[in-house]
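Undergrad: Pasting final_8.cif below, which is mmCIF, C-alpha atoms.
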```cif
data_query
#
loop_
_atom_site.label_atom_id
_atom_site.label_comp_id
_atom_site.auth_asym_id
_atom_site.auth_seq_id
_atom_site.Cartn_x
_atom_site.Cartn_y
_atom_site.Cartn_z
CA MET A 1 17.19 57.47 -45.66
CA SER A 2 14.48 55.46 -47.41
CA GLU A 3 17.07 52.79 -48.21
CA VAL A 4 17.87 52.42 -44.51
CA ILE A 5 14.19 52.10 -43.63
CA GLN A 6 13.76 49.52 -46.38
CA ASP A 7 16.76 47.57 -45.11
CA THR A 8 15.49 47.50 -41.54
CA ALA A 9 12.02 46.47 -42.72
CA VAL A 10 13.55 43.55 -44.57
CA LEU A 11 15.63 42.66 -41.53
CA ASP A 12 12.56 42.85 -39.29
CA LYS A 13 10.85 40.33 -41.55
CA LEU A 14 13.73 37.93 -42.04
CA CYS A 15 15.57 38.38 -38.73
CA PRO A 16 13.08 39.63 -36.12
CA MET A 17 15.69 39.12 -33.36
CA HIS A 18 18.51 41.20 -34.88
CA LEU A 19 20.39 44.23 -33.66
CA LEU A 20 21.90 46.76 -36.08
CA LEU A 21 24.99 48.33 -34.52
CA SER A 22 26.86 51.49 -35.53
CA ALA A 23 30.62 51.47 -35.95
CA THR A 24 30.93 52.59 -32.32
CA GLY A 25 28.59 49.87 -30.99
CA VAL A 26 25.41 51.91 -30.53
CA ILE A 27 22.19 50.05 -31.33
CA GLY A 28 20.64 51.84 -34.29
CA HIS A 29 17.79 49.43 -34.82
CA ALA A 30 16.32 46.42 -32.98
CA GLY A 31 14.15 43.72 -34.45
CA PRO A 32 10.58 43.53 -33.10
CA THR A 33 11.09 40.23 -31.28
CA ILE A 34 14.33 41.16 -29.51
CA GLN A 35 12.67 44.39 -28.41
CA LYS A 36 9.85 42.32 -26.85
CA LEU A 37 12.39 40.94 -24.41
CA ARG A 38 12.74 44.45 -22.93
CA PRO A 39 9.37 46.15 -23.63
CA GLN A 40 9.92 48.87 -20.99
CA SER A 41 13.47 49.73 -22.10
CA PRO A 42 13.93 50.69 -25.78
CA LEU A 43 17.12 49.13 -27.11
CA VAL A 44 17.70 51.71 -29.81
CA GLY A 45 20.24 54.28 -28.64
CA GLN A 46 21.84 51.99 -26.06
CA ARG A 47 25.37 50.73 -26.36
CA PHE A 48 25.56 47.04 -27.29
CA PHE A 49 27.99 46.16 -24.51
CA ASP A 50 25.79 47.94 -21.94
CA THR A 51 22.93 45.68 -23.00
CA MET A 52 24.67 42.40 -23.77
CA ALA A 53 27.51 40.45 -22.22
CA VAL A 54 29.60 38.26 -24.53
CA LYS A 55 30.21 35.01 -22.62
CA ARG A 56 31.99 33.18 -25.45
CA PRO A 57 34.37 33.68 -27.11
CA ARG A 58 35.95 35.05 -23.96
CA GLY A 59 37.68 38.39 -23.78
CA ILE A 60 35.42 40.38 -26.13
CA HIS A 61 34.68 43.75 -24.56
CA GLY A 62 34.64 46.17 -27.47
CA MET A 63 33.58 46.55 -31.09
CA GLU A 64 37.03 45.74 -32.46
CA GLY A 65 37.05 42.37 -30.72
CA LEU A 66 33.41 41.78 -31.68
CA ARG A 67 34.13 42.36 -35.38
CA ARG A 68 36.97 39.85 -35.21
CA ALA A 69 34.37 37.24 -34.18
CA THR A 70 32.63 37.51 -37.57
CA GLY A 71 31.19 34.12 -38.54
CA VAL A 72 31.74 32.68 -35.02
CA LYS A 73 28.75 31.59 -32.94
CA LEU A 74 28.46 34.00 -30.04
CA HIS A 75 27.15 33.08 -26.59
CA LEU A 76 25.48 36.16 -25.14
CA ALA A 77 23.35 37.12 -22.15
CA LEU A 78 21.24 40.16 -21.39
CA ARG A 79 22.87 42.12 -18.58
CA ASP A 80 19.76 43.01 -16.61
CA ALA A 81 17.26 40.54 -15.14
CA PRO A 82 16.02 38.24 -16.35
CA ARG A 83 19.46 37.43 -17.74
CA THR A 84 18.25 35.48 -20.72
CA GLU A 85 20.98 33.68 -22.61
CA LEU A 86 21.04 33.99 -26.38
CA LYS A 87 23.04 32.76 -29.35
CA GLY A 88 24.28 35.24 -31.95
CA LEU A 89 25.98 35.52 -35.34
CA LEU A 90 27.70 38.72 -36.44
CA VAL A 91 27.70 40.04 -40.04
CA PRO A 92 29.63 43.28 -40.82
CA LEU A 93 28.26 45.71 -43.41
CA GLY A 94 30.38 47.73 -45.82
CA ASP A 95 29.44 51.07 -44.24
CA GLY A 96 30.94 50.17 -40.84
CA ARG A 97 27.70 49.00 -39.33
CA THR A 98 27.28 45.46 -37.97
CA ILE A 99 24.28 43.14 -37.80
CA VAL A 100 24.05 40.74 -34.87
CA ASN A 101 21.36 38.14 -35.50
CA LEU A 102 20.14 36.51 -32.26
CA SER A 103 18.22 33.38 -31.28
CA PHE A 104 17.26 31.44 -28.16
CA GLY A 105 18.97 28.28 -29.38
CA ILE A 106 17.84 25.25 -27.44
CA SER A 107 16.29 27.54 -24.82
CA ILE A 108 13.48 28.44 -27.21
CA PHE A 109 10.80 26.86 -25.05
CA ASP A 110 11.82 28.88 -21.97
CA GLY A 111 12.08 32.03 -24.04
CA VAL A 112 8.59 31.61 -25.46
CA GLN A 113 7.14 31.00 -22.00
CA ASP A 114 9.04 33.83 -20.30
CA TYR A 115 8.13 36.46 -22.91
CA ALA A 116 4.77 35.15 -24.20
CA LEU A 117 6.05 34.88 -27.75
CA THR A 118 4.11 33.28 -30.60
CA ASN A 119 5.02 31.94 -34.05
CA ALA A 120 4.40 35.45 -35.42
CA ASP A 121 7.49 36.60 -33.52
CA PHE A 122 9.80 34.39 -35.60
CA ALA A 123 10.67 34.24 -39.26
CA ALA A 124 8.47 31.86 -41.19
CA THR A 125 11.50 29.74 -42.13
CA ASP A 126 12.97 29.72 -38.62
CA MET A 127 13.54 26.18 -37.37
CA ALA A 128 12.70 27.49 -33.91
CA ILE A 129 9.01 27.11 -34.79
CA GLU A 130 9.39 23.43 -35.62
CA MET A 131 11.52 22.98 -32.53
CA LEU A 132 8.89 24.71 -30.43
CA TYR A 133 6.14 22.48 -31.79
CA LEU A 134 8.25 19.38 -31.10
CA MET A 135 8.94 20.50 -27.55
CA GLU A 136 5.27 21.25 -26.96
CA ALA A 137 4.34 17.84 -28.34
CA LYS A 138 6.96 16.21 -26.13
CA SER A 139 5.71 18.14 -23.12
CA ALA A 140 2.11 17.09 -23.83
CA ALA A 141 3.18 13.46 -24.28
CA MET A 142 5.16 13.53 -21.03
CA GLU A 143 2.20 15.03 -19.16
CA ALA A 144 -0.13 12.37 -20.59
CA SER A 145 2.40 9.70 -19.59
CA ARG A 146 2.68 11.18 -16.09
CA ARG A 147 -1.09 11.16 -15.65
CA LEU A 148 -1.33 7.60 -16.93
CA ASN A 149 1.43 6.46 -14.58
CA LEU A 150 -0.32 8.22 -11.71
CA ARG A 151 -3.60 6.46 -12.49
CA LEU A 152 -1.80 3.12 -12.77
CA GLN A 153 -0.06 3.72 -9.46
CA GLU A 154 -3.36 4.65 -7.79
CA ALA A 155 -4.98 1.53 -9.24
CA ARG A 156 -2.10 -0.63 -8.01
CA ILE A 157 -2.29 0.86 -4.52
CA ALA A 158 -6.06 0.36 -4.46
CA ALA A 159 -5.69 -3.26 -5.60
CA GLU A 160 -3.04 -3.94 -2.97
CA GLU A 161 -5.17 -2.30 -0.31
CA GLN A 162 -8.17 -4.36 -1.34
CA ALA A 163 -6.09 -7.55 -1.24
CA PHE A 164 -5.22 -6.84 2.41
CA THR A 165 -8.67 -5.64 3.51
CA ASP A 166 -11.74 -7.43 4.83
CA ILE A 167 -14.63 -6.21 2.71
CA LEU A 168 -17.34 -6.39 5.40
CA THR A 169 -15.57 -4.56 8.22
CA GLY A 170 -12.82 -2.60 6.47
CA LEU A 171 -10.25 -4.17 8.79
CA LYS A 172 -7.09 -5.88 7.62
CA ASN A 173 -7.40 -9.54 6.66
CA ARG A 174 -5.36 -12.70 7.23
CA ARG A 175 -3.02 -11.91 4.36
CA ALA A 176 -2.12 -8.58 5.96
CA LEU A 177 -1.73 -10.28 9.34
CA ASN A 178 0.76 -12.79 7.97
CA ALA A 179 2.80 -10.05 6.28
CA VAL A 180 3.00 -7.90 9.42
CA LEU A 181 3.88 -10.82 11.68
CA GLU A 182 6.67 -11.91 9.35
CA ARG A 183 8.09 -8.38 9.36
CA LEU A 184 7.95 -8.07 13.17
CA ILE A 185 9.47 -11.51 13.72
CA THR A 186 12.27 -10.83 11.24
CA ALA A 187 13.04 -7.51 12.92
CA GLY A 188 13.19 -9.21 16.33
CA GLU A 189 10.95 -6.53 17.84
CA SER A 190 8.76 -6.86 20.92
CA PHE A 191 5.09 -7.24 20.03
CA ALA A 192 1.88 -8.93 21.17
CA VAL A 193 -0.92 -10.78 19.41
CA MET A 194 -4.45 -10.81 20.80
CA HIS A 195 -6.71 -13.49 19.36
CA ILE A 196 -10.34 -12.53 19.97
CA ASP A 197 -13.42 -14.66 19.45
CA LEU A 198 -16.99 -13.43 19.95
CA ASP A 199 -19.10 -15.34 22.45
CA TYR A 200 -22.73 -16.12 21.53
CA PHE A 201 -22.38 -14.71 18.02
CA LYS A 202 -24.00 -17.79 16.44
CA ALA A 203 -27.15 -17.05 18.41
CA VAL A 204 -27.36 -13.61 16.78
CA ASN A 205 -27.25 -15.10 13.29
CA ASP A 206 -29.70 -17.88 14.15
CA SER A 207 -32.31 -15.60 15.72
CA LEU A 208 -32.09 -12.43 13.63
CA GLY A 209 -30.32 -13.51 10.47
CA HIS A 210 -27.11 -12.64 8.73
CA ALA A 211 -27.96 -8.94 8.36
CA ALA A 212 -27.94 -8.65 12.15
CA GLY A 213 -24.74 -10.67 12.29
CA ASP A 214 -23.05 -8.39 9.76
CA HIS A 215 -24.15 -5.34 11.74
CA VAL A 216 -22.69 -6.81 14.91
CA LEU A 217 -19.38 -7.62 13.19
CA GLN A 218 -19.12 -4.09 11.80
CA THR A 219 -19.88 -2.60 15.23
CA VAL A 220 -17.35 -4.89 16.91
CA ALA A 221 -14.72 -3.88 14.35
CA ARG A 222 -15.33 -0.20 15.09
CA ILE A 223 -15.09 -0.77 18.85
CA MET A 224 -11.83 -2.70 18.54
CA VAL A 225 -10.27 0.10 16.49
CA GLN A 226 -11.43 2.67 19.04
CA GLU A 227 -10.07 0.72 22.01
CA THR A 228 -6.62 0.03 20.54
CA ARG A 229 -3.74 2.33 19.71
CA SER A 230 -3.29 3.96 16.32
CA SER A 231 -0.11 1.90 15.86
CA ASP A 232 -1.98 -1.38 16.43
CA MET A 233 -3.49 -3.40 13.60
CA VAL A 234 -6.95 -4.93 13.99
CA VAL A 235 -7.62 -7.95 11.77
CA ARG A 236 -10.71 -9.94 10.97
CA LEU A 237 -9.67 -13.50 10.29
CA GLY A 238 -13.14 -14.59 9.18
CA GLY A 239 -16.46 -15.37 10.81
CA ASP A 240 -16.41 -13.91 14.33
CA GLU A 241 -12.65 -14.24 14.83
CA PHE A 242 -10.45 -11.19 15.20
CA THR A 243 -6.78 -10.56 15.91
CA VAL A 244 -5.00 -7.47 17.15
CA VAL A 245 -1.27 -7.04 16.53
CA LEU A 246 0.31 -4.64 19.01
CA PRO A 247 3.88 -3.55 18.20
CA ASP A 248 6.29 -1.99 20.69
CA VAL A 249 4.87 -3.65 23.82
CA ARG A 250 6.79 -2.77 26.97
CA ASN A 251 4.68 -4.19 29.78
CA GLU A 252 1.86 -6.62 30.41
CA SER A 253 -0.32 -4.07 32.19
CA MET A 254 -0.88 -2.18 28.95
CA LEU A 255 -2.11 -5.37 27.28
CA LYS A 256 -4.41 -6.07 30.21
CA ARG A 257 -5.93 -2.57 29.98
CA ILE A 258 -6.57 -2.83 26.24
CA GLY A 259 -8.05 -6.32 26.56
CA GLN A 260 -10.33 -5.30 29.41
CA ARG A 261 -11.58 -2.26 27.51
CA ILE A 262 -12.51 -4.47 24.55
CA ILE A 263 -14.32 -6.95 26.82
CA ASP A 264 -16.19 -4.18 28.66
CA GLN A 265 -17.29 -2.43 25.47
CA LEU A 266 -18.47 -5.63 23.76
CA GLU A 267 -20.60 -6.64 26.74
CA GLU A 268 -22.83 -3.64 25.98
CA PRO A 269 -25.83 -4.79 23.86
CA ILE A 270 -25.64 -3.84 20.19
CA GLN A 271 -28.90 -2.48 18.80
CA PHE A 272 -30.26 -3.77 15.49
CA LYS A 273 -33.75 -2.80 14.31
CA GLY A 274 -35.08 -2.50 17.83
CA GLU A 275 -33.43 -5.71 19.05
CA ALA A 276 -30.54 -5.85 21.54
CA CYS A 277 -27.90 -8.30 20.37
CA LYS A 278 -25.73 -9.50 23.22
CA VAL A 279 -22.27 -10.82 22.59
CA SER A 280 -19.05 -10.84 24.55
CA ALA A 281 -15.40 -11.41 23.79
CA SER A 282 -12.92 -14.07 24.83
CA ILE A 283 -9.28 -13.06 24.38
CA GLY A 284 -6.02 -14.95 24.26
CA THR A 285 -2.78 -12.97 24.18
CA VAL A 286 0.80 -13.93 23.48
CA TRP A 287 3.57 -11.43 24.21
CA ILE A 288 6.72 -11.87 22.15
CA GLN A 289 9.81 -10.44 23.78
CA ARG A 290 12.50 -8.63 21.84
CA GLY A 291 14.79 -11.10 20.09
CA ASP A 292 12.41 -14.07 20.45
CA ARG A 293 12.36 -15.49 16.91
CA GLN A 294 9.36 -17.83 17.09
CA SER A 295 7.73 -18.61 13.76
CA ARG A 296 4.47 -16.99 12.72
CA GLU A 297 2.68 -20.35 12.98
CA VAL A 298 3.88 -20.86 16.56
CA VAL A 299 2.91 -17.33 17.58
CA LEU A 300 -0.64 -17.77 16.25
CA ALA A 301 -0.95 -21.25 17.76
CA ASN A 302 0.06 -19.88 21.17
CA ALA A 303 -2.51 -17.10 20.89
CA ASP A 304 -5.12 -19.77 20.02
CA ALA A 305 -4.17 -21.77 23.11
CA ALA A 306 -4.66 -18.71 25.31
CA LEU A 307 -8.01 -17.98 23.63
CA TYR A 308 -9.29 -21.51 24.23
CA ALA A 309 -8.30 -21.16 27.88
CA SER A 310 -10.47 -18.05 28.11
CA LYS A 311 -13.38 -19.93 26.52
CA HIS A 312 -13.02 -22.81 28.98
CA ALA A 313 -12.83 -20.38 31.89
CA GLY A 314 -16.33 -19.12 31.18
CA ARG A 315 -15.94 -16.67 28.31
CA ALA A 316 -15.54 -12.88 28.47
CA ARG A 317 -12.06 -13.60 29.82
CA HIS A 318 -8.55 -12.52 28.91
CA THR A 319 -5.81 -15.13 29.20
CA PHE A 320 -2.08 -14.71 28.61
CA TYR A 321 -0.23 -17.56 27.02
CA SER A 322 2.01 -19.81 29.05
CA PRO A 323 3.62 -23.09 27.92
CA ALA A 324 1.31 -25.04 30.23
CA LEU A 325 -1.65 -24.11 28.01
CA ARG A 326 -0.24 -26.18 25.14
CA ARG A 327 -0.60 -29.43 27.04
CA PRO A 328 -3.22 -31.66 25.36
CA ALA A 329 -5.70 -31.47 28.26
CA ASN A 330 -5.76 -27.68 28.04
CA PHE A 331 -5.95 -27.35 24.27
CA ASP A 332 -9.39 -28.75 23.44
CA PRO A 333 -11.66 -26.58 21.28
CA PRO A 334 -14.50 -24.77 23.10
CA ALA A 335 -17.78 -26.57 23.62
CA SER A 336 -20.51 -25.96 21.06
CA GLY A 337 -24.17 -25.15 21.65
CA GLU A 338 -24.07 -21.52 22.76
CA GLN A 339 -27.38 -20.15 24.04
CA ASP A 340 -29.38 -17.46 22.28
CA ALA A 341 -28.25 -14.10 23.62
CA CYS A 342 -30.26 -11.76 21.38
CA GLY A 343 -33.37 -10.33 22.91
CA SER A 344 -35.54 -7.24 22.88
#
```
Represent the structure from my file as structure tokens, please.

TA:
Amino acid sequence: MSEVIQDTAVLDKLCPMHLLLSATGVIGHAGPTIQKLRPQSPLVGQRFFDTMAVKRPRGIHGMEGLRRATGVKLHLALRDAPRTELKGLLVPLGDGRTIVNLSFGISIFDGVQDYALTNADFAATDMAIEMLYLMEAKSAAMEASRRLNLRLQEARIAAEEQAFTDILTGLKNRRALNAVLERLITAGESFAVMHIDLDYFKAVNDSLGHAAGDHVLQTVARIMVQETRSSDMVVRLGGDEFTVVLPDVRNESMLKRIGQRIIDQLEEPIQFKGEACKVSASIGTVWIQRGDRQSREVVLANADAALYASKHAGRARHTFYSPALRRPANFDPPASGEQDACGS
């Protein structure tokens, strides 16, 4: 009896995932680690084939067939959930008993996670420990790489966003405008371009300084975003020039409504440190019909022509482009010398 206990103690130390089977296939002893896989169901006293399914070699359903697989790598799986798959090697003893030594194989990492195993649950010479350390190191390296890639991607997105953004107003800039126009023109979609220039803005800068001018530009930007659709793109070209790109335009009345809202809102004085800064907006719009493949340069030039027509008509106007506006007499730049429009 003491010899049996000594044998199992040695086995527990050298092969903590072993099963000691009787000649009839009853589990007489289970290593401490294999027992951890079923802590609520003692393995000792159960029949081996009630606990384990032999997946390969195929056709093994009893002890006679199992003993014939001596020296062959067994592919096993626990019958009840979770159906952990294991590798096994069978060694017969002279007294009719059989030792089945088990391991997780390449599934060691999953086994350790599923059953909260530690290095103390494996033999000191078991290569599973080294394999586990390598897998943990690989996992840590992959996580570090993933985080680095995520940071690089975020930095790239931020840089791209900054390259297409006007710093003062937060609107899109000319570079973004060119990219969107090229995409819309290539797609042959219907869209409109509103070119907007502030009237009397120079007077704000001259009388109250650039801080007031910046405040006005930021307020104007906010108003334009509020008065356009979420699908529209508002652009600051520079200075007091703005452009709105409106995709999916189906009728002129919609463009008239949006333009009039912008004009009405910008005619309201903008307060800055107790001073009322008065500006207005002149708008020129070109509506590109579906399939009209005009170049980006022509589209913007036509919007400019319509804008200049609004300026010549007395400002705070909205003009739609027509070919007649491109005649030399109608395409002169607006007169300079705007009056001061910033007062208390």

Undergrad: With a cut-off of 10 Å, could you pull out the residues of segment 129-224 of chain A touching segment 299-312 of chain A and give me the nearest pair of atoms for each, distance in Å to one decimal, using only C-alpha atoms, ordered by chain and ascending number, as a tab-separated table?

TA:
```
residue	atom	partner	partner_atom	distance
A:Asn178	CA	A:Leu300	CA	9.8
A:Leu181	CA	A:Val299	CA	8.8
A:Ile185	CA	A:Val299	CA	9.6
A:Ala192	CA	A:Val299	CA	9.2
A:Val193	CA	A:Ala303	CA	6.7
A:Met194	CA	A:Ala303	CA	6.6
A:His195	CA	A:Ala303	CA	5.7
A:Ile196	CA	A:Leu307	CA	7.0
A:Asp197	CA	A:Leu307	CA	7.6
A:Leu198	CA	A:Lys311	CA	9.9
A:Asp199	CA	A:Lys311	CA	8.4
```

Undergrad: Have a look at A:Pro92, A:Gly45, A:Gly259, A:Gly111 and name the one nearest to Leu246 of chain A; count only C-alpha atoms.

TA: A:Gly259

Undergrad: Taking the file as shown, find all residues satisfying the PyMOL selection byres ((chain A and resi 190) around 7) and write them as a ChimeraX atom specification.

TA: /A:188-189,191,247-249,288-290

Undergrad: Store the residues picked out above, limited to C-alpha atoms, as a PDB file, in the coordinates of the input.

TA:
```pdb
ATOM      1  CA  GLY A 188      13.190  -9.210  16.330  1.00  0.00           C
ATOM      2  CA  GLU A 189      10.950  -6.530  17.840  1.00  0.00           C
ATOM      3  CA  PHE A 191       5.090  -7.240  20.030  1.00  0.00           C
ATOM      4  CA  PRO A 247       3.880  -3.550  18.200  1.00  0.00           C
ATOM      5  CA  ASP A 248       6.290  -1.990  20.690  1.00  0.00           C
ATOM      6  CA  VAL A 249       4.870  -3.650  23.820  1.00  0.00           C
ATOM      7  CA  ILE A 288       6.720 -11.870  22.150  1.00  0.00           C
ATOM      8  CA  GLN A 289       9.810 -10.440  23.780  1.00  0.00           C
ATOM      9  CA  ARG A 290      12.500  -8.630  21.840  1.00  0.00           C
TER      10      ARG A 290
END
```

Undergrad: Go through A:Gly96, A:Gly170, A:Pro16, A:Gly274 and flag the residue nearest Pro32 of chain A, using only C-alpha atoms for the distances.

TA: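 Selected residue with least distance to Pro32 of chain A: A:Pro16.
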
Undergrad: Using only C-alpha atoms, which of the listed residues (A:Val26, A:Leu43, A:Met254, A:Leu102) sits closest to Gly62 of chain A?

TA: A:Val26

Undergrad: If I take atom CA of Ala163 of chain A and atom CA of Glu241 of chain A, how far is one from the other in Å, to one decimal?

TA: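 Taking atom CA of Ala163 of chain A and atom CA of Glu241 of chain A, their separation equals 18.6 Å.
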
Undergrad: Apply the PyMOL selection byres ((chain A and resi 77) around 8) to the structure shown and report the selected residues as a list of chain:residue names.

TA: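 With the shown file as input, the PyMOL selection byres ((chain A and resi 77) around 8) matches A:Met52, A:Ala53, A:Val54, A:Lys55, A:His75, A:Leu76, A:Leu78, A:Arg79, A:Arg83, A:Thr84, A:Glu85, A:Leu86.
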
Undergrad: If the PyMOL selection byres ((chain A and resi 206-215) around 10) is run on the structure shown, which residues does it catch, given as a CSV table (one decimal) with C-alpha atoms, in the coordinates of the input?

TA:
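This is the output file part04.csv:
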```
chain,number,residue,atom,x,y,z
A,168,LEU,CA,-17.3,-6.4,5.4
A,169,THR,CA,-15.6,-4.6,8.2
A,201,PHE,CA,-22.4,-14.7,18.0
A,202,LYS,CA,-24.0,-17.8,16.4
A,203,ALA,CA,-27.2,-17.0,18.4
A,204,VAL,CA,-27.4,-13.6,16.8
A,205,ASN,CA,-27.2,-15.1,13.3
A,216,VAL,CA,-22.7,-6.8,14.9
A,217,LEU,CA,-19.4,-7.6,13.2
A,218,GLN,CA,-19.1,-4.1,11.8
A,219,THR,CA,-19.9,-2.6,15.2
A,220,VAL,CA,-17.4,-4.9,16.9
A,221,ALA,CA,-14.7,-3.9,14.4
A,239,GLY,CA,-16.5,-15.4,10.8
A,240,ASP,CA,-16.4,-13.9,14.3
A,270,ILE,CA,-25.6,-3.8,20.2
A,271,GLN,CA,-28.9,-2.5,18.8
A,272,PHE,CA,-30.3,-3.8,15.5
A,273,LYS,CA,-33.8,-2.8,14.3
A,275,GLU,CA,-33.4,-5.7,19.0
A,277,CYS,CA,-27.9,-8.3,20.4
A,340,ASP,CA,-29.4,-17.5,22.3
A,341,ALA,CA,-28.2,-14.1,23.6
A,342,CYS,CA,-30.3,-11.8,21.4
A,343,GLY,CA,-33.4,-10.3,22.9
```

Undergrad: Separation of atom CA of Gln226 of chain A and atom CA of Glu267 of chain A, in Å?

TA: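 Pair atom CA of Gln226 of chain A / atom CA of Glu267 of chain A returns 15.2 Å.
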
Undergrad: With all atoms listed in the file as the basis for distance, which of A:Thr70, A:Thr118, A:Thr33, A:Thr319 is at the shortest distance from Val100 of chain A?

TA: A:Thr70

Undergrad: Please check which residues have atoms at most 12 Å from (28.8, 48.7, -42.6) in the file's coordinates, counting all atoms listed in the file, and write them as a VMD selection string.

TA: chain A and resid 4 20 to 25 67 90 to 99

Undergrad: Could you check how far atom CA of Ala179 of chain A sits from atom CA of Arg296 of chain A, in Å to one decimal?

TA: 9.6 Å

Undergrad: Quick one: residues within 9 Å of Asp166 of chain A, only C-alpha atoms, excluding same-chain residues fewer than 3 positions away - as a PyMOL selection string?

TA: chain A and resi 162-163+169-174+235-238

Undergrad: Write the residues you've just listed into a file as a short mmCIF file (atom, residue, chain, number, x, y, z; two decimals), in the frame of the given file, and include C-alpha atoms for each of them.

TA:
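Result saved to selection_20.cif:
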```cif
data_model
loop_
_atom_site.label_atom_id
_atom_site.label_comp_id
_atom_site.auth_asym_id
_atom_site.auth_seq_id
_atom_site.Cartn_x
_atom_site.Cartn_y
_atom_site.Cartn_z
CA GLN A 162 -8.17 -4.36 -1.34
CA ALA A 163 -6.09 -7.55 -1.24
CA THR A 169 -15.57 -4.56 8.22
CA GLY A 170 -12.82 -2.60 6.47
CA LEU A 171 -10.25 -4.17 8.79
CA LYS A 172 -7.09 -5.88 7.62
CA ASN A 173 -7.40 -9.54 6.66
CA ARG A 174 -5.36 -12.70 7.23
CA VAL A 235 -7.62 -7.95 11.77
CA ARG A 236 -10.71 -9.94 10.97
CA LEU A 237 -9.67 -13.50 10.29
CA GLY A 238 -13.14 -14.59 9.18
#
```
